[in-house]
Every structure is written in structure tokens, then in C-alpha cells.
file target-v2.txt (compact mmCIF, C-alpha atoms)
# COMPACT_ATOMS: atom_id res chain seq x y z
CA MET A 1012 6.26 -28.37 3.13
CA VAL A 1013 3.81 -28.11 6.04
CA VAL A 1014 0.13 -27.90 5.11
CA PRO A 1015 -1.43 -25.10 7.26
CA ASP A 1016 -4.67 -26.94 8.12
CA ARG A 1017 -3.01 -30.30 8.49
CA GLN A 1018 -4.00 -32.24 11.62
CA PRO A 1019 -0.90 -34.11 12.78
CA THR A 1020 -0.96 -37.65 14.09
CA PRO A 1021 0.51 -37.71 17.62
CA ILE A 1022 3.48 -39.88 18.47
CA ALA A 1023 2.37 -43.13 20.07
CA GLU A 1024 5.41 -45.32 19.35
CA TYR A 1025 8.94 -44.77 20.61
CA VAL A 1026 12.03 -46.78 19.68
CA VAL A 1027 14.38 -46.11 22.58
CA LYS A 1028 18.08 -46.76 22.02
CA VAL A 1029 18.99 -47.82 25.54
CA ALA A 1030 22.48 -48.87 24.40
CA SER A 1031 24.42 -47.67 21.37
CA ARG A 1032 26.76 -50.67 21.25
CA CYS A 1033 26.23 -54.39 20.65
CA ASN A 1034 27.94 -57.62 21.63
CA LEU A 1035 27.29 -59.14 18.18
CA ASP A 1036 28.47 -58.00 14.77
CA CYS A 1037 25.65 -58.85 12.36
CA ASP A 1038 26.97 -57.83 8.97
CA TYR A 1039 23.67 -56.43 7.70
CA CYS A 1040 22.96 -54.27 10.77
CA TYR A 1041 21.68 -50.84 9.78
CA VAL A 1042 23.23 -49.25 12.88
CA TYR A 1043 26.84 -50.28 12.29
CA HIS A 1044 27.19 -51.31 8.65
CA HIS A 1045 25.37 -48.63 6.68
CA ALA A 1046 25.73 -44.98 5.71
CA ASP A 1047 25.08 -43.24 9.05
CA GLN A 1048 27.77 -43.94 11.64
CA GLY A 1049 26.28 -41.64 14.27
CA TRP A 1050 26.41 -44.41 16.88
CA ARG A 1051 30.11 -43.61 17.29
CA ARG A 1052 29.18 -40.20 18.73
CA GLN A 1053 26.52 -41.51 21.09
CA PRO A 1054 26.98 -42.36 24.80
CA VAL A 1055 27.38 -46.08 25.33
CA MET A 1056 24.33 -46.20 27.63
CA MET A 1057 21.31 -43.96 28.19
CA ALA A 1058 21.74 -41.99 31.41
CA ASP A 1059 19.10 -41.81 34.16
CA ARG A 1060 18.46 -38.12 33.49
CA VAL A 1061 17.65 -38.89 29.85
CA VAL A 1062 15.23 -41.65 30.88
CA ALA A 1063 13.55 -39.24 33.30
CA ALA A 1064 13.28 -36.55 30.61
CA LEU A 1065 11.90 -39.06 28.12
CA ALA A 1066 9.25 -40.22 30.60
CA ALA A 1067 8.20 -36.63 31.29
CA ARG A 1068 8.02 -35.76 27.56
CA VAL A 1069 5.99 -38.87 26.72
CA ARG A 1070 3.63 -38.18 29.63
CA GLU A 1071 3.16 -34.57 28.51
CA HIS A 1072 2.49 -35.60 24.89
CA ALA A 1073 0.13 -38.45 25.81
CA ARG A 1074 -1.86 -36.20 28.14
CA ARG A 1075 -2.20 -33.40 25.62
CA TRP A 1076 -3.37 -35.74 22.85
CA GLU A 1077 -5.37 -38.00 25.20
CA LEU A 1078 -3.61 -41.08 23.87
CA PRO A 1079 -5.19 -44.31 25.16
CA ALA A 1080 -1.91 -46.22 24.83
CA VAL A 1081 1.77 -45.62 24.11
CA GLY A 1082 4.33 -48.20 23.01
CA ILE A 1083 7.96 -47.88 24.10
CA ALA A 1084 10.38 -50.40 22.62
CA PHE A 1085 13.82 -50.78 24.17
CA HIS A 1086 16.29 -51.15 21.36
CA GLY A 1087 19.94 -50.71 20.50
CA GLY A 1088 22.58 -51.73 19.79
CA GLU A 1089 21.72 -54.40 22.29
CA PRO A 1090 19.45 -53.12 25.08
CA LEU A 1091 20.23 -55.99 27.47
CA LEU A 1092 23.80 -54.67 27.76
CA ALA A 1093 22.20 -52.36 30.35
CA GLY A 1094 21.87 -55.30 32.78
CA ALA A 1095 19.05 -56.29 35.10
CA GLN A 1096 19.37 -53.48 37.67
CA THR A 1097 19.52 -50.65 35.12
CA LEU A 1098 16.65 -52.09 33.11
CA ASP A 1099 14.56 -52.40 36.27
CA ARG A 1100 15.28 -48.77 37.12
CA MET A 1101 14.36 -47.57 33.63
CA PHE A 1102 11.13 -49.56 33.44
CA THR A 1103 10.14 -48.37 36.93
CA VAL A 1104 10.55 -44.71 35.96
CA LEU A 1105 8.48 -45.12 32.80
CA ARG A 1106 5.73 -47.07 34.54
CA ARG A 1107 5.55 -44.56 37.40
CA GLU A 1108 5.47 -41.44 35.21
CA LEU A 1109 2.84 -42.71 32.78
CA ALA A 1110 0.53 -44.35 35.33
CA GLY A 1111 -2.93 -42.82 35.19
CA VAL A 1112 -2.14 -40.96 31.95
CA THR A 1113 -2.03 -43.68 29.31
CA GLU A 1114 -1.60 -47.42 29.02
CA LEU A 1115 2.11 -48.13 28.62
CA VAL A 1116 3.05 -51.09 26.43
CA LEU A 1117 6.70 -51.94 27.07
CA MET A 1118 8.63 -53.91 24.47
CA CYS A 1119 12.21 -54.98 23.95
CA GLN A 1120 14.01 -56.20 20.84
CA THR A 1121 17.08 -58.23 21.69
CA ASN A 1122 19.57 -60.56 20.06
CA GLY A 1123 18.81 -62.95 22.93
CA THR A 1124 22.38 -63.76 23.94
CA LEU A 1125 22.36 -61.75 27.17
CA VAL A 1126 19.14 -63.07 28.71
CA THR A 1127 20.21 -64.12 32.20
CA PRO A 1128 17.67 -65.39 34.75
CA ALA A 1129 17.89 -61.99 36.48
CA VAL A 1130 17.22 -60.10 33.24
CA ALA A 1131 14.33 -62.41 32.37
CA ALA A 1132 12.81 -61.84 35.81
CA VAL A 1133 12.96 -58.05 35.40
CA LEU A 1134 11.33 -58.28 31.97
CA ALA A 1135 8.57 -60.45 33.41
CA ASP A 1136 8.05 -58.21 36.47
CA HIS A 1137 7.47 -55.20 34.21
CA ASP A 1138 5.32 -57.10 31.69
CA VAL A 1139 7.73 -56.41 28.83
CA ARG A 1140 6.98 -58.09 25.52
CA VAL A 1141 10.28 -59.37 24.17
CA GLY A 1142 11.14 -60.00 20.54
CA VAL A 1143 14.25 -62.01 19.72
CA SER A 1144 16.25 -61.72 16.49
CA LEU A 1145 16.92 -65.09 14.86
CA ASP A 1146 17.22 -65.75 11.12
CA GLY A 1147 16.24 -69.43 11.19
CA PRO A 1148 18.17 -72.66 11.79
CA ARG A 1149 21.86 -72.60 12.74
CA SER A 1150 23.07 -72.53 9.12
CA ALA A 1151 20.83 -69.55 8.30
CA ASN A 1152 21.52 -67.65 11.50
CA ASP A 1153 25.29 -68.06 11.25
CA ARG A 1154 25.46 -66.46 7.81
CA HIS A 1155 25.17 -63.05 9.43
CA ARG A 1156 24.43 -63.11 13.16
CA THR A 1157 27.83 -63.82 14.72
CA TYR A 1158 30.23 -62.41 17.27
CA ARG A 1159 33.08 -60.23 16.06
CA ASP A 1160 35.43 -63.21 15.98
CA GLY A 1161 33.01 -65.13 13.76
CA ARG A 1162 31.61 -67.38 16.49
CA SER A 1163 28.03 -68.56 16.21
CA SER A 1164 25.40 -66.91 18.40
CA PHE A 1165 22.80 -69.62 17.75
CA ASP A 1166 23.08 -71.67 20.95
CA GLU A 1167 23.08 -68.58 23.18
CA VAL A 1168 19.98 -67.25 21.42
CA LEU A 1169 18.06 -70.48 21.97
CA ALA A 1170 19.15 -70.55 25.61
CA GLY A 1171 17.95 -66.96 25.98
CA ILE A 1172 14.55 -67.83 24.54
CA GLU A 1173 14.20 -70.69 27.01
CA ARG A 1174 14.99 -68.33 29.91
CA LEU A 1175 12.35 -65.91 28.67
CA ARG A 1176 9.83 -68.75 28.53
CA ALA A 1177 10.72 -69.84 32.05
CA ALA A 1178 10.10 -66.30 33.33
CA GLY A 1179 6.44 -66.29 32.32
CA PRO A 1180 4.01 -67.07 29.48
CA ARG A 1181 3.81 -63.49 28.16
CA VAL A 1182 7.49 -62.56 28.05
CA PHE A 1183 8.69 -64.19 24.83
CA SER A 1184 6.61 -62.42 22.23
CA GLY A 1185 8.07 -63.09 18.81
CA VAL A 1186 10.94 -63.58 16.40
CA LEU A 1187 12.44 -61.09 13.98
CA ALA A 1188 14.22 -62.65 10.99
CA THR A 1189 16.00 -60.89 8.15
CA ILE A 1190 15.62 -62.66 4.82
CA ASP A 1191 18.62 -64.14 3.04
CA LEU A 1192 17.74 -65.65 -0.33
CA ALA A 1193 20.38 -68.34 0.25
CA ASN A 1194 18.37 -69.75 3.15
CA ASP A 1195 15.70 -72.37 2.55
CA PRO A 1196 12.40 -70.56 3.28
CA LEU A 1197 10.64 -73.63 4.65
CA GLU A 1198 13.54 -74.44 6.97
CA VAL A 1199 13.38 -70.88 8.27
CA TYR A 1200 9.62 -71.16 8.76
CA ARG A 1201 9.79 -74.52 10.50
CA THR A 1202 12.55 -73.38 12.84
CA ILE A 1203 10.75 -70.21 13.88
CA ALA A 1204 7.35 -71.89 14.22
CA GLY A 1205 8.99 -74.59 16.33
CA LEU A 1206 9.93 -71.98 18.92
CA ASP A 1207 6.20 -71.28 19.39
CA PRO A 1208 6.34 -67.47 19.25
CA ARG A 1209 3.13 -65.47 19.06
CA HIS A 1210 4.31 -63.58 16.01
CA CYS A 1211 7.14 -63.28 13.50
CA ASP A 1212 8.50 -60.46 11.39
CA LEU A 1213 10.18 -61.50 8.15
CA LEU A 1214 12.16 -58.44 7.11
CA LEU A 1215 13.54 -57.48 3.73
CA PRO A 1216 17.24 -56.64 4.04
CA HIS A 1217 17.78 -52.91 3.94
CA GLY A 1218 18.79 -51.33 0.68
CA ASN A 1219 17.79 -48.58 -1.72
CA TRP A 1220 18.30 -47.41 -5.30
CA SER A 1221 21.79 -46.16 -4.49
CA SER A 1222 22.79 -49.27 -2.53
CA PRO A 1223 20.62 -52.18 -3.71
CA PRO A 1224 19.93 -55.10 -1.37
CA PRO A 1225 21.47 -58.52 -2.13
CA GLY A 1226 19.89 -60.21 -5.13
CA ARG A 1227 17.75 -57.23 -6.08
CA ASP A 1228 18.54 -56.11 -9.66
CA THR A 1229 17.29 -52.54 -9.89
CA THR A 1230 17.24 -52.67 -13.70
CA GLY A 1231 15.15 -55.83 -13.88
CA THR A 1232 11.71 -57.07 -12.98
CA GLY A 1233 12.64 -60.29 -11.18
CA THR A 1234 10.92 -61.02 -7.89
CA PRO A 1235 13.33 -63.13 -5.82
CA TYR A 1236 12.07 -61.87 -2.46
CA ALA A 1237 8.41 -62.32 -3.37
CA ASP A 1238 9.20 -65.84 -4.55
CA TRP A 1239 11.01 -66.63 -1.28
CA LEU A 1240 8.24 -65.21 0.87
CA GLY A 1241 5.60 -66.84 -1.30
CA VAL A 1242 6.87 -70.30 -0.41
CA ILE A 1243 6.33 -69.55 3.28
CA PHE A 1244 2.99 -67.87 2.66
CA ASP A 1245 1.60 -70.90 0.81
CA ARG A 1246 2.63 -73.24 3.64
CA TRP A 1247 1.49 -70.87 6.43
CA TYR A 1248 -1.83 -70.03 4.77
CA ALA A 1249 -2.64 -73.69 4.16
CA GLU A 1250 -2.18 -74.64 7.83
CA PRO A 1251 -5.50 -75.68 9.44
CA VAL A 1252 -4.63 -73.22 12.22
CA GLN A 1253 -1.83 -70.72 11.71
CA PRO A 1254 0.80 -71.50 14.38
CA LEU A 1255 1.88 -67.87 14.58
CA THR A 1256 1.15 -64.46 13.13
CA ILE A 1257 3.51 -63.49 10.30
CA ARG A 1258 3.02 -59.77 10.19
CA ILE A 1259 3.82 -59.10 6.54
CA PHE A 1260 1.16 -61.65 5.51
CA GLN A 1261 -1.37 -60.74 8.20
CA ASP A 1262 -1.19 -57.02 7.45
CA THR A 1263 -1.32 -57.55 3.69
CA MET A 1264 -4.52 -59.57 4.06
CA SER A 1265 -6.02 -57.05 6.46
CA LEU A 1266 -5.29 -54.14 4.11
CA LEU A 1267 -6.59 -56.02 1.07
CA LEU A 1268 -9.85 -56.66 2.93
CA GLY A 1269 -10.27 -53.01 3.90
CA GLY A 1270 -8.78 -53.13 7.37
CA GLY A 1271 -5.66 -51.57 8.81
CA GLY A 1272 -2.15 -52.73 9.38
CA ALA A 1273 0.59 -52.29 11.96
CA PHE A 1274 3.54 -52.98 9.67
CA GLU A 1275 5.35 -49.75 8.81
CA MET A 1276 6.31 -51.16 5.41
CA LEU A 1277 2.70 -51.45 4.23
CA GLY A 1278 -0.35 -49.22 3.88
CA THR A 1279 -0.79 -45.47 3.77
CA ASP A 1280 -1.79 -44.77 7.38
CA PRO A 1281 0.13 -41.89 8.99
CA VAL A 1282 3.25 -42.89 10.91
CA GLY A 1283 3.39 -41.74 14.54
CA LEU A 1284 6.81 -43.05 15.52
CA VAL A 1285 10.12 -41.54 16.60
CA THR A 1286 13.47 -42.86 17.79
CA ILE A 1287 15.20 -41.67 20.96
CA GLU A 1288 19.00 -42.02 20.95
CA THR A 1289 21.09 -42.63 24.07
CA ASP A 1290 21.88 -38.90 24.40
CA GLY A 1291 18.15 -38.04 24.23
CA SER A 1292 18.13 -36.97 20.59
CA ILE A 1293 14.69 -37.26 18.98
CA GLU A 1294 15.17 -38.84 15.58
CA LEU A 1295 13.01 -40.12 12.75
CA VAL A 1296 12.65 -43.84 12.08
CA ASP A 1297 16.05 -45.39 12.77
CA THR A 1298 16.22 -47.39 9.52
CA LEU A 1299 16.82 -44.09 7.71
CA LYS A 1300 20.43 -44.57 8.79
CA THR A 1301 20.75 -46.86 5.77
CA THR A 1302 20.39 -43.92 3.37
CA TYR A 1303 22.84 -41.14 4.26
CA ASP A 1304 24.58 -39.67 7.29
CA GLY A 1305 22.17 -37.54 9.32
CA ALA A 1306 19.03 -38.70 7.51
CA ALA A 1307 17.20 -39.42 10.77
CA SER A 1308 18.25 -36.25 12.58
CA THR A 1309 15.73 -33.62 13.74
CA ASP A 1310 18.04 -31.44 15.92
CA LEU A 1311 15.61 -32.00 18.81
CA ASN A 1312 16.29 -33.64 22.17
CA VAL A 1313 14.03 -34.74 25.03
CA LEU A 1314 16.25 -32.79 27.43
CA THR A 1315 15.31 -29.50 25.75
CA HIS A 1316 12.31 -30.09 23.47
CA SER A 1317 8.79 -31.43 23.71
CA ILE A 1318 7.57 -34.31 21.58
CA ASP A 1319 5.03 -31.94 20.04
CA GLU A 1320 7.85 -30.04 18.37
CA VAL A 1321 8.72 -33.00 16.16
CA LEU A 1322 5.22 -33.05 14.63
CA THR A 1323 6.05 -30.18 12.27
CA HIS A 1324 9.37 -31.60 11.16
CA PRO A 1325 9.31 -32.27 7.37
CA GLY A 1326 10.47 -35.84 7.96
CA VAL A 1327 7.40 -36.49 10.13
CA VAL A 1328 4.99 -34.53 7.94
CA VAL A 1329 5.86 -36.53 4.83
CA ARG A 1330 5.18 -39.80 6.69
CA GLN A 1331 1.73 -38.56 7.71
CA ASP A 1332 0.43 -37.35 4.36
CA GLY A 1333 -0.71 -40.75 3.12
CA LYS A 1334 -0.84 -41.25 -0.63
CA GLU A 1335 -0.14 -37.56 -1.26
CA SER A 1336 3.49 -38.07 -0.26
CA LEU A 1337 4.08 -40.99 -2.63
CA ALA A 1338 5.69 -40.95 -6.06
CA ALA A 1339 3.35 -40.52 -9.04
CA GLN A 1340 4.04 -44.10 -10.11
CA CYS A 1341 2.89 -45.35 -6.71
CA ARG A 1342 -0.23 -43.18 -6.61
CA ALA A 1343 -1.31 -44.63 -9.97
CA CYS A 1344 -0.72 -48.24 -8.88
CA PRO A 1345 -3.79 -50.47 -8.31
CA ILE A 1346 -2.37 -51.85 -5.03
CA VAL A 1347 -1.20 -48.54 -3.57
CA ASP A 1348 -3.55 -48.74 -0.58
CA THR A 1349 -1.96 -52.02 0.44
CA CYS A 1350 1.66 -51.43 -0.56
CA GLY A 1351 1.87 -47.78 0.47
CA GLY A 1352 5.08 -47.37 -1.49
CA GLY A 1353 7.00 -49.80 0.68
CA LEU A 1354 9.32 -48.97 3.56
CA TYR A 1355 10.30 -45.30 3.39
CA PRO A 1356 14.11 -45.77 3.49
CA HIS A 1357 13.87 -48.28 0.63
CA ARG A 1358 12.72 -45.45 -1.69
CA TYR A 1359 15.94 -43.46 -1.39
CA GLY A 1360 18.01 -42.72 -4.50
CA ASP A 1361 21.17 -41.07 -5.77
CA ASP A 1362 19.59 -37.63 -6.02
CA GLY A 1363 19.06 -37.63 -2.26
CA GLY A 1364 15.31 -37.94 -2.48
CA PHE A 1365 12.56 -40.43 -1.66
CA ASP A 1366 10.16 -39.56 -4.48
CA ARG A 1367 10.18 -43.00 -6.08
CA PRO A 1368 8.80 -46.48 -5.42
CA SER A 1369 10.54 -48.91 -3.14
CA VAL A 1370 13.63 -50.64 -4.51
CA TYR A 1371 11.55 -53.76 -3.80
CA CYS A 1372 8.64 -52.58 -5.99
CA PRO A 1373 8.47 -55.69 -8.23
CA ASP A 1374 8.66 -57.98 -5.20
CA LEU A 1375 5.97 -56.11 -3.29
CA PHE A 1376 3.65 -56.10 -6.29
CA ALA A 1377 4.17 -59.82 -6.87
CA LEU A 1378 3.70 -60.78 -3.21
CA ILE A 1379 0.60 -58.63 -2.67
CA THR A 1380 -1.10 -59.84 -5.84
CA ARG A 1381 -0.23 -63.45 -4.94
CA ILE A 1382 -1.90 -63.04 -1.55
CA ARG A 1383 -4.83 -61.12 -3.09
CA ASP A 1384 -5.46 -63.86 -5.64
CA ARG A 1385 -5.24 -66.62 -3.02
CA ILE A 1386 -7.75 -65.09 -0.62
CA GLY A 1387 -9.91 -64.03 -3.57
CA ASP A 1388 -10.13 -67.64 -4.75
CA ASP A 1389 -11.09 -68.76 -1.26
CA LEU A 1390 -13.75 -66.08 -0.88
CA ARG A 1391 -15.27 -67.06 -4.23
CA THR A 1392 -15.24 -70.72 -3.19
CA LEU A 1393 -16.98 -69.88 0.06
CA ALA A 1394 -19.56 -67.77 -1.76
CA THR A 1395 -20.27 -70.59 -4.22
CA ALA A 1396 -20.59 -73.10 -1.37
CA GLY A 1397 -22.98 -70.77 0.44
CA GLN A 1398 -25.18 -70.45 -2.65
CA GLY A 1399 -25.25 -74.24 -2.98
CA THR A 1400 -26.68 -74.61 0.54
CA GLY A 1401 -29.18 -71.80 0.11
CA ARG A 1402 -27.49 -69.61 2.68
call {"tool": "encode", "arguments": {"input": "target-v2.txt", "output": "C-alpha cells"}}
result
Amino acid sequence: MVVPDRQPTPIAEYVVKVASRCNLDCDYCYVYHHADQGWRRQPVMMADRVVAALAARVREHARRWELPAVGIAFHGGEPLLAGAQTLDRMFTVLRRELAGVTELVLMCQTNGTLVTPAVAAVLADHDVRVGVSLDGPRSANDRHRTYRDGRSSFDEVLAGIERLRAAGPRVFSGVLATIDLANDPLEVYRTIAGLDPRHCDLLLPHGNWSSPPPGRDTTGTGTPYADWLGVIFDRWYAEPVQPLTIRIFQDTMSLLLGGGGAFEMLGTDPVGLVTIETDGSIELVDTLKTTYDGAASTDLNVLTHSIDEVLTHPGVVVRQDGKESLAAQCRACPIVDTCGGGLYPHRYGDDGGFDRPSVYCPDLFALITRIRDRIGDDLRTLATAGQGTGR
């Protein structure tokens, strides 16, 4: 239901599906191994006319809302399947069309196996911040992130990271790792930190009340994912200088201390993000594909519709209503301002609705309170020390 006097939050983040196919076959991938199989109906690659239309729509929207910056993340599938020349052409169009209107932050999330010197050079030339998916050491990565014939992708990923490093100091931005409870958390942490990324995302595997994630008993109160993450948090937090930003920890601390967060899974700030498919379709957050077929659809397309038109879509409205859109149990929770109900797709259930807490509710509560108590102890220690010195 649209509230008449509601002021929408403009769209400032775009996940752009440059390619709808991938050269790997990661068994947890939400594009290929979950409920929505819409990728089968999509063009293999985004056409030039779609890129041009996207650039024009983003420019129009940014100008109308006077957005100071817009983030466009090339995604897939595997975006580097486009190759160096096509990527260069796409980045050039976006940079040209948005120049003088808004600051364009270009990003790319890749599996890292297709980073050639030519691709790395293009990414560096266009100042693209590149995140690489890697689940940890070889043993951890090879549980899920393999080629279709079962071959390891680990060596190719590390080689790709080295090529990104060689292209320039700003190109390799971070690592995205999906948690597997079978992996040793400290080995995962040490491996990722050893690559010297600026940041890391540790992601909960996708699941919901109808299709629970591995190891998550929906009838119990166990906290296996909080326990796993807690081991890394304790080590990371105790470092004299944190070697990298781990976003789930950084954002939790920021929200607990009254600040904001950038992690979609946390907080109650309105979400201003859409996905653009290879045919130009404007869709909601792409992880909704884990819930049911068509969950992310809006029936809009950059070839025929403005970005403004998505702002009144119920799927956007509900993500911009803060605590009002959350389940009653969440609204009554003492950590609601930090948790925010968890990632939206993780709230889905058999009745087809999202009016419930995250399937990870016990884990989120345990992790957030663990972090809250740790920084609370430190703040009290600092306050006591300050009193002792008369400050």
C-alpha cells in the first residue's frame, strides 16, 4: 500500500547484470540454483542499446533528485564474460552520460577467473572498484566454487587478484565470502586478510522459512552462524589495527553507536537499490530470486520506463518504510534499529509473505548482542580510565 504523503528515497544504487551466464557453477548461487530461473529467458549479454538506455535513465533520475553520487555495480552471472573491449565500451558510455550530473562510482563483482591483463587494464582505466568472490583457503573455496566439471577455481582466482593488483592500487577492492559452517572461521579470516583487501563481506547463505539455509534449524534457537562469525569478530576486534573492514561487524558497531550502515542486511534505513537485467528489465533486489519465481519482477524496463516509475512499486515502498514494514515481533525487539529484521529475502515463508523475522533471527540477535556487549565493556573501561586520570 502506498502512503499518499510518503517521500520516496531515490535510487542511487544499481546492480547491473551485464551477463546472464557464468563460467563457474557455484552450488549455492542464487541466480542458478534457487527458485527463480528467469536467467534462462535473459539475453546472454547486455546489448549496447540497453546500456545506452540505462545511462540515460540514470542520468535523468540523478538530475531530477540532485543525487551527489550514484553507484553502478557490474554483476552477473559473471560480468567479465563481456571481455575487455565490451567492458570498455560500457564504462565509457556510463562515464560520458553521467559526467557533470553526478559522481559515478563504478564497481564490479567477479569470480576472478577471467581477469586477463587487458581486462585489468580496462578496470583500472575506468577507476572501477573490483570485488572478488572467494570463500577462504582452497579447501573452503572448493566446497562450492568450482567449474561445472568439478575442477577447482582457486588458483585462477588468486591469479586474477594478482592481475588486479598489478593494474593499480585502487582496483582490487575487497573479497566476498559466503559462510559454510564446515569451514574453519579463523582459516577463512587469515586467508582473506592475507590477500590485503580493503574490505570483506561475510555473507550468510541464502535461505528462508520455506527453504532453510544449511545448519539453520527453524524450530530451534541455536546460533551456529553467530558462533562462527563470533570467532572471527573476536580475533578481528582484538587486532591492534584492523587489517581490513569486515562490513557486517563495522556496520553493526556503527548502528549500535547511533550511526548508519551500508549493509543491506542491517538497519532500518530506506533501500534505494534496483537490479537491471541484461534485457533492460528493472527488478527489485536480485537476491529475491531465492524466494519464488518472479519475486523480483516489476514489469518495468529501462527501454520504456523511467527509474522514477519504480519508486511507487510495492516492492520498493516496503523497503523504504523503515520499522513500519517489519513484523510485529521485530518492531518489539530491543535491537530492531540495528538488526532491521535481517535481509529481506530471508524473511520469506510458505504463505508467500515477508511479514516475519529473518530465518536467521536467533543468529542475528546473538551476534549483535555479542558485539554490543564487547564494545560496551570497552567503553566502560575507557570511561573508568578517564575518571582515574581526572579527564
call {"tool": "atom_distance", "arguments": {"input": "target-v2.txt", "atom1": "CA of Leu1105 (chain A)", "atom2": "CA of His1137 (chain A)"}}
result
10.2 Å
call {"tool": "residues_around", "arguments": {"input": "target-v2.txt", "residues": "region 1163-1165 of chain A", "least_positions_apart": "3", "cutoff": "9 Å", "atoms": "only C-alpha atoms", "output": "PyMOL selection string"}}
result
chain A and resi 1035+1122-1124+1145+1148-1149+1152-1153+1156-1158+1168-1170
call {"tool": "residues_around", "arguments": {"input": "target-v2.txt", "residues": "region 1069-1085 of chain A", "least_positions_apart": "6", "cutoff": "9 Å", "atoms": "all atoms listed in the file", "output": "number ranges by chain"}}
result
A: 1021-1030, 1091, 1108-1110, 1112-1121, 1140, 1317-1319
call {"tool": "residues_near_point", "arguments": {"input": "target-v2.txt", "point": "(30.7, -42.6, 28.6)", "cutoff": "12 Å", "atoms": "all atoms listed in the file", "output": "short mmCIF file (atom, residue, chain, number, x, y, z; two decimals) with C-alpha atoms, in the frame of the given file"}}
result
data_model
loop_
_atom_site.label_atom_id
_atom_site.label_comp_id
_atom_site.auth_asym_id
_atom_site.auth_seq_id
_atom_site.Cartn_x
_atom_site.Cartn_y
_atom_site.Cartn_z
CA ALA A 1030 22.48 -48.87 24.40
CA SER A 1031 24.42 -47.67 21.37
CA ARG A 1032 26.76 -50.67 21.25
CA ARG A 1051 30.11 -43.61 17.29
CA ARG A 1052 29.18 -40.20 18.73
CA GLN A 1053 26.52 -41.51 21.09
CA PRO A 1054 26.98 -42.36 24.80
CA VAL A 1055 27.38 -46.08 25.33
CA MET A 1056 24.33 -46.20 27.63
CA MET A 1057 21.31 -43.96 28.19
CA ALA A 1058 21.74 -41.99 31.41
CA THR A 1289 21.09 -42.63 24.07
CA ASP A 1290 21.88 -38.90 24.40
#
call {"tool": "atom_distance", "arguments": {"input": "target-v2.txt", "atom1": "CA of Tyr1200 (chain A)", "atom2": "CA of Gly1387 (chain A)"}}
result
24.2 Å
call {"tool": "residues_around", "arguments": {"input": "target-v2.txt", "residues": "Arg1181 (chain A)", "least_positions_apart": "5", "cutoff": "10 Å", "atoms": "only C-alpha atoms", "output": "PDB file with C-alpha atoms, in the frame of the given file"}}
result
ATOM      1  CA  LEU A1134      11.330 -58.280  31.970  1.00  0.00           C
ATOM      2  CA  ALA A1135       8.570 -60.450  33.410  1.00  0.00           C
ATOM      3  CA  ASP A1138       5.320 -57.100  31.690  1.00  0.00           C
ATOM      4  CA  VAL A1139       7.730 -56.410  28.830  1.00  0.00           C
ATOM      5  CA  ARG A1140       6.980 -58.090  25.520  1.00  0.00           C
ATOM      6  CA  VAL A1141      10.280 -59.370  24.170  1.00  0.00           C
ATOM      7  CA  LEU A1175      12.350 -65.910  28.670  1.00  0.00           C
ATOM      8  CA  ARG A1176       9.830 -68.750  28.530  1.00  0.00           C
ATOM      9  CA  ARG A1209       3.130 -65.470  19.060  1.00  0.00           C
TER      10      ARG A1209
END
call {"tool": "residues_near_point", "arguments": {"input": "target-v2.txt", "point": "(20.5, -69.8, 4.1)", "cutoff": "7 Å", "atoms": "only C-alpha atoms", "output": "number ranges by chain"}}
result
A: 1150-1151, 1191-1195
call {"tool": "closest_residue", "arguments": {"input": "target-v2.txt", "among": "A:Cys1344, A:Ala1188, A:Val1199, A:Val1327", "to": "His1155 (chain A)", "atoms": "only C-alpha atoms"}}
result
A:Ala1188
call {"tool": "closest_residue", "arguments": {"input": "target-v2.txt", "among": "A:Ala1377, A:Val1042, A:Val1062, A:Val1104", "to": "Asp1238 (chain A)", "atoms": "all atoms listed in the file"}}
result
A:Ala1377
call {"tool": "closest_residue", "arguments": {"input": "target-v2.txt", "among": "A:Gly1351, A:Gly1087, A:Gly1161, A:Pro1373", "to": "Thr1232 (chain A)", "atoms": "all atoms listed in the file"}}
result
A:Pro1373
call {"tool": "closest_residue", "arguments": {"input": "target-v2.txt", "among": "A:Pro1368, A:Pro1208, A:Gly1333, A:Pro1235", "to": "Gly1278 (chain A)", "atoms": "all atoms listed in the file"}}
result
A:Gly1333
